[in-house]
$ cat structure.txt   # compact mmCIF, C-alpha atoms
# COMPACT_ATOMS: atom_id res chain seq x y z
CA MET O 1 86.35 51.20 67.74
CA SER O 2 85.54 53.01 70.96
CA PHE O 3 88.12 54.74 73.09
CA GLU O 4 88.13 56.52 76.43
CA ILE O 5 89.01 60.22 76.64
CA PRO O 6 91.35 60.85 79.59
CA THR O 7 89.78 62.91 82.37
CA ASP O 8 92.86 65.14 82.64
CA LEU O 9 92.84 66.05 78.93
CA THR O 10 92.67 69.76 78.21
CA PRO O 11 89.48 70.41 76.17
CA GLU O 12 91.22 71.43 72.95
CA LEU O 13 92.95 68.05 72.67
CA VAL O 14 89.68 66.12 72.45
CA PRO O 15 89.71 66.20 68.59
CA LEU O 16 93.21 64.63 68.70
CA SER O 17 92.48 62.20 71.54
CA TRP O 18 92.06 59.14 69.27
CA LEU O 19 95.81 59.33 68.59
CA LEU O 20 96.80 58.93 72.25
CA GLY O 21 98.76 55.82 73.13
CA ALA O 22 101.44 53.64 71.57
CA TRP O 23 101.14 52.19 68.08
CA GLU O 24 103.32 49.51 66.47
CA GLY O 25 103.42 47.99 63.03
CA SER O 26 105.23 47.70 59.74
CA GLY O 27 105.44 49.48 56.43
CA ARG O 28 107.32 49.94 53.18
CA LEU O 29 109.62 52.68 51.95
CA GLY O 30 108.89 54.47 48.68
CA GLU O 31 105.89 53.38 46.64
CA GLY O 32 105.52 50.12 48.53
CA SER O 33 106.38 48.06 45.45
CA SER O 34 107.84 44.57 45.63
CA GLU O 35 111.35 46.09 45.58
CA SER O 36 110.62 48.57 48.41
CA GLU O 37 112.41 48.02 51.69
CA HIS O 38 110.48 46.97 54.78
CA PHE O 39 110.50 48.76 58.12
CA GLU O 40 109.02 48.43 61.60
CA GLN O 41 107.80 51.44 63.54
CA ARG O 42 106.68 52.39 67.04
CA VAL O 43 104.78 55.67 67.41
CA THR O 44 103.64 57.24 70.67
CA PHE O 45 101.32 60.16 71.31
CA THR O 46 101.25 61.34 74.93
CA GLN O 47 99.91 64.35 76.80
CA ASN O 48 100.85 66.07 80.03
CA GLY O 49 97.85 68.33 80.65
CA LEU O 50 99.07 71.11 78.35
CA PRO O 51 97.36 71.89 75.01
CA TYR O 52 99.52 69.71 72.75
CA LEU O 53 100.35 66.07 72.12
CA GLN O 54 103.95 64.91 72.34
CA TYR O 55 104.87 62.70 69.36
CA THR O 56 107.72 60.23 68.92
CA ALA O 57 108.29 57.76 66.07
CA GLU O 58 111.14 55.26 66.10
CA SER O 59 111.77 53.08 63.04
CA TRP O 60 113.96 50.10 62.10
CA LEU O 61 114.78 48.52 58.74
CA THR O 62 113.66 44.89 58.64
CA ASP O 63 113.80 41.94 56.31
CA GLU O 64 110.64 40.54 54.67
CA GLN O 65 109.93 38.41 57.76
CA GLY O 66 110.07 41.44 60.06
CA THR O 67 113.46 40.73 61.66
CA ARG O 68 115.12 44.01 62.63
CA LEU O 69 118.28 44.69 60.65
CA ARG O 70 119.30 48.12 61.99
CA PRO O 71 117.87 51.42 63.28
CA LEU O 72 116.32 53.59 60.57
CA SER O 73 115.43 56.89 62.25
CA VAL O 74 113.76 58.70 65.13
CA GLU O 75 111.56 61.79 64.96
CA THR O 76 109.85 63.74 67.70
CA GLY O 77 107.54 66.70 67.93
CA PHE O 78 104.35 68.38 69.08
CA TRP O 79 100.83 68.34 67.61
CA ALA O 80 98.07 70.83 68.53
CA LEU O 81 95.01 72.65 67.28
CA ASP O 82 96.09 75.72 65.31
CA ARG O 83 94.94 78.82 67.17
CA LYS O 84 96.33 82.15 68.26
CA LEU O 85 98.11 81.72 71.59
CA ASN O 86 97.21 84.10 74.42
CA ASP O 87 98.35 85.05 77.91
CA ALA O 88 96.99 81.79 79.38
CA ASP O 89 99.39 79.75 77.22
CA GLY O 90 102.92 78.91 78.29
CA GLY O 91 106.11 80.10 76.64
CA PRO O 92 108.21 81.28 75.18
CA GLY O 93 110.81 79.16 76.90
CA LEU O 94 109.90 78.28 80.49
CA GLU O 95 107.23 80.95 80.92
CA PRO O 96 104.49 78.96 82.71
CA ALA O 97 100.95 78.61 81.43
CA ASP O 98 97.98 79.59 83.58
CA ILE O 99 96.64 76.80 85.74
CA VAL O 100 93.30 77.22 83.90
CA PRO O 101 93.65 76.29 80.18
CA ALA O 102 93.18 78.91 77.49
CA LEU O 103 90.14 77.01 76.19
CA LYS O 104 88.06 75.81 79.14
CA SER O 105 85.14 73.98 77.55
CA ALA O 106 83.94 71.97 74.58
CA GLU O 107 81.88 74.99 73.52
CA GLU O 108 85.01 77.14 73.27
CA VAL O 109 86.79 74.43 71.28
CA GLU O 110 83.82 74.11 68.90
CA GLN O 111 84.28 77.78 67.97
CA LEU O 112 87.54 76.71 66.29
CA ARG O 113 85.76 74.33 63.90
CA ASN O 114 86.54 75.27 60.28
CA ALA O 115 84.33 75.50 57.19
CA GLU O 116 85.00 71.82 56.36
CA ASP O 117 83.58 70.84 59.79
CA GLY O 118 87.04 69.87 61.05
CA PHE O 119 89.78 71.65 62.97
CA ASP O 120 92.94 73.32 61.73
CA ILE O 121 96.02 71.74 63.31
CA THR O 122 99.77 72.24 63.41
CA ALA O 123 102.59 69.77 63.93
CA THR O 124 106.26 70.53 64.51
CA ILE O 125 108.50 67.50 63.86
CA VAL O 126 112.27 67.35 64.38
CA HIS O 127 114.61 64.84 62.71
CA PRO O 128 118.27 63.87 63.12
CA GLY O 129 120.58 65.59 60.65
CA GLY O 130 119.51 69.16 61.40
CA ILE O 131 116.00 69.07 59.89
CA ALA O 132 112.74 70.39 61.38
CA GLU O 133 109.32 70.50 59.71
CA LEU O 134 106.42 72.83 60.46
CA TYR O 135 103.16 71.35 59.20
CA TYR O 136 99.70 72.87 58.95
CA GLY O 137 96.65 70.80 58.17
CA VAL O 138 93.19 69.62 59.09
CA ILE O 139 91.80 66.97 61.41
CA LYS O 140 88.26 65.83 60.68
CA GLY O 141 87.11 62.95 62.84
CA PRO O 142 89.73 60.19 62.63
CA GLN O 143 91.48 61.64 59.54
CA ILE O 144 94.42 64.04 59.33
CA GLN O 145 95.99 65.80 56.34
CA LEU O 146 99.23 67.76 56.86
CA SER O 147 101.44 69.82 54.50
CA THR O 148 104.70 71.54 55.35
CA ASP O 149 104.66 75.30 55.59
CA LEU O 150 108.37 75.35 56.38
CA VAL O 151 111.28 72.91 56.32
CA MET O 152 114.29 74.16 58.28
CA ARG O 153 117.66 72.65 57.38
CA GLY O 154 121.07 73.09 58.96
CA GLN O 155 123.93 74.25 56.75
CA ASN O 156 125.21 70.68 56.34
CA SER O 157 121.82 68.92 56.12
CA LYS O 158 120.64 66.96 53.10
CA GLU O 159 118.44 68.79 50.61
CA TYR O 160 114.76 68.53 51.54
CA THR O 161 112.09 71.07 50.61
CA ALA O 162 108.53 69.88 51.38
CA ALA O 163 106.35 67.05 52.63
CA THR O 164 102.77 65.94 53.13
CA ARG O 165 101.44 63.38 55.62
CA LEU O 166 98.09 61.58 55.79
CA TYR O 167 96.80 59.68 58.84
CA GLY O 168 93.59 57.76 59.27
CA LEU O 169 92.01 55.40 61.76
CA VAL O 170 90.62 52.36 59.91
CA GLU O 171 88.94 49.61 61.96
CA GLY O 172 91.10 50.54 64.94
CA ASP O 173 94.42 50.61 63.03
CA LEU O 174 96.45 53.74 62.28
CA TYR O 175 97.24 54.04 58.55
CA TRP O 176 99.69 56.70 57.41
CA ARG O 177 101.50 57.88 54.27
CA TRP O 178 104.36 60.37 53.95
CA ASP O 179 105.30 62.06 50.66
CA VAL O 180 108.56 64.02 50.44
CA ALA O 181 110.17 66.48 48.01
CA ALA O 182 113.97 66.10 48.21
CA ASP O 183 117.09 65.98 46.05
CA GLY O 184 115.55 68.31 43.48
CA GLN O 185 112.55 66.01 42.93
CA PRO O 186 108.85 66.94 43.39
CA LEU O 187 106.68 65.33 46.07
CA LYS O 188 106.70 61.56 45.79
CA ALA O 189 105.89 58.59 47.99
CA HIS O 190 108.44 58.27 50.79
CA ALA O 191 106.92 55.72 53.19
CA SER O 192 103.65 54.25 54.45
CA ALA O 193 102.64 51.90 57.25
CA ILE O 194 99.82 50.30 59.19
CA LEU O 195 100.13 50.46 62.97
CA LYS O 196 98.13 48.63 65.65
CA LYS O 197 97.44 50.19 69.02
CA GLU O 198 99.10 48.57 72.00
CA SER O 199 96.57 47.40 74.56
$ encode --input "structure.txt" --output "structure tokens"
Amino acid sequence: MSFEIPTDLTPELVPLSWLLGAWEGSGRLGEGSSESEHFEQRVTFTQNGLPYLQYTAESWLTDEQGTRLRPLSVETGFWALDRKLNDADGGPGLEPADIVPALKSAEEVEQLRNAEDGFDITATIVHPGGIAELYYGVIKGPQIQLSTDLVMRGQNSKEYTAATRLYGLVEGDLYWRWDVAADGQPLKAHASAILKKES
């Protein structure tokens, strides 16, 4: 599947550019067995010229025919190549970034390539209920592997200690799987789905 890289994309987002757009589809909770509940999901990855993608995923429980029963959850966050930030980058807070991006060319981005011929990435994802995840991982072509480095929980949040996520582009569809360690249990299958890109 071919895709067009936006002309206003900062160079360091090119490895992540295949994610851009809106994706919709369905999946199953848990192991995906015949007893597992069904859900529908809409995921968007957008960019605004800064060196990160904005991520939102909204999900609904459905019946076997795909009829929405009720909202399931919403999560939002930011995905980027993992690199040391410098004076050209924005933040903290509303401190503006330089008008010229920190990495100005494909050659500078290529210097970030890791030993596995991919790029190290980070994703920060926030959930309702006072939970935020900080993931580190690798993107190599149209494949992403993420593992939590930190799960932050509010004092009244449910117990949740770790997670991994896998994403892959297969014949133009976005496949993903999410494993979670919660309630005193080790990592186990939490959800998976297949999403099609909106045209």
$ atom_distance --input "structure.txt" --atom1 "atom CA of Ala132 of chain O" --atom2 "atom CA of Ala163 of chain O"
11.3 Å
$ residues_around --input "structure.txt" --residues "Thr161 of chain O" --least-positions-apart "4" --cutoff "10 Å" --atoms "all atoms listed in the file" --output "ChimeraX atom specification"
/O:133,148-153,180-187
$ atom_distance --input "structure.txt" --atom1 "atom CA of Ser105 of chain O" --atom2 "atom CA of Thr10 of chain O"
8.7 Å
$ closest_residue --input "structure.txt" --among "O:Gly21, O:Leu13, O:Lys196, O:Ile139" --to "Pro101 of chain O" --atoms "only C-alpha atoms"
O:Leu13
$ atom_distance --input "structure.txt" --atom1 "atom CA of Glu198 of chain O" --atom2 "atom CA of Thr46 of chain O"
13.3 Å
$ residues_around --input "structure.txt" --residues "Asp120 of chain O" --least-positions-apart "4" --cutoff "12 Å" --atoms "all atoms listed in the file" --output "PDB file with C-alpha atoms, in the frame of the given file"
ATOM      1  CA  GLU O  12      91.220  71.430  72.950  1.00  0.00           C
ATOM      2  CA  PRO O  15      89.710  66.200  68.590  1.00  0.00           C
ATOM      3  CA  LEU O  16      93.210  64.630  68.700  1.00  0.00           C
ATOM      4  CA  TRP O  79     100.830  68.340  67.610  1.00  0.00           C
ATOM      5  CA  ALA O  80      98.070  70.830  68.530  1.00  0.00           C
ATOM      6  CA  LEU O  81      95.010  72.650  67.280  1.00  0.00           C
ATOM      7  CA  ASP O  82      96.090  75.720  65.310  1.00  0.00           C
ATOM      8  CA  ARG O  83      94.940  78.820  67.170  1.00  0.00           C
ATOM      9  CA  LYS O  84      96.330  82.150  68.260  1.00  0.00           C
ATOM     10  CA  VAL O 109      86.790  74.430  71.280  1.00  0.00           C
ATOM     11  CA  GLU O 110      83.820  74.110  68.900  1.00  0.00           C
ATOM     12  CA  GLN O 111      84.280  77.780  67.970  1.00  0.00           C
ATOM     13  CA  LEU O 112      87.540  76.710  66.290  1.00  0.00           C
ATOM     14  CA  ARG O 113      85.760  74.330  63.900  1.00  0.00           C
ATOM     15  CA  ASN O 114      86.540  75.270  60.280  1.00  0.00           C
ATOM     16  CA  ALA O 115      84.330  75.500  57.190  1.00  0.00           C
ATOM     17  CA  GLU O 116      85.000  71.820  56.360  1.00  0.00           C
ATOM     18  CA  TYR O 135     103.160  71.350  59.200  1.00  0.00           C
ATOM     19  CA  TYR O 136      99.700  72.870  58.950  1.00  0.00           C
ATOM     20  CA  GLY O 137      96.650  70.800  58.170  1.00  0.00           C
ATOM     21  CA  VAL O 138      93.190  69.620  59.090  1.00  0.00           C
ATOM     22  CA  ILE O 139      91.800  66.970  61.410  1.00  0.00           C
ATOM     23  CA  LYS O 140      88.260  65.830  60.680  1.00  0.00           C
ATOM     24  CA  GLY O 141      87.110  62.950  62.840  1.00  0.00           C
ATOM     25  CA  GLN O 143      91.480  61.640  59.540  1.00  0.00           C
ATOM     26  CA  ILE O 144      94.420  64.040  59.330  1.00  0.00           C
ATOM     27  CA  GLN O 145      95.990  65.800  56.340  1.00  0.00           C
ATOM     28  CA  LEU O 146      99.230  67.760  56.860  1.00  0.00           C
ATOM     29  CA  SER O 147     101.440  69.820  54.500  1.00  0.00           C
TER      30      SER O 147
END
$ residues_around --input "structure.txt" --residues "Gly27 of chain O" --least-positions-apart "2" --cutoff "7 Å" --atoms "only C-alpha atoms" --output "list of chain:residue names"
O:Leu29, O:His38, O:Phe39, O:Glu40, O:Ser192, O:Ala193, O:Ile194
$ closest_residue --input "structure.txt" --among "O:Gln41, O:Asn48, O:Ser26, O:Thr124" --to "Asp8 of chain O" --atoms "only C-alpha atoms"
O:Asn48
$ closest_residue --input "structure.txt" --among "O:Leu19, O:Val14, O:Leu134, O:Ala97" --to "Phe119 of chain O" --atoms "only C-alpha atoms"
O:Val14
$ closest_residue --input "structure.txt" --among "O:Pro96, O:Pro142, O:Gly172, O:Gly30" --to "Leu195 of chain O" --atoms "all atoms listed in the file"
O:Gly172
$ axis_aligned_box --input "structure.txt" --around "segment 137-155 of chain O" --padding-each-side "5 Å" --output "lines of an AutoDock Vina configuration file"
center_x = 105.5
center_y = 67.8
center_z = 58.7
size_x = 46.8
size_y = 25.2
size_z = 18.3
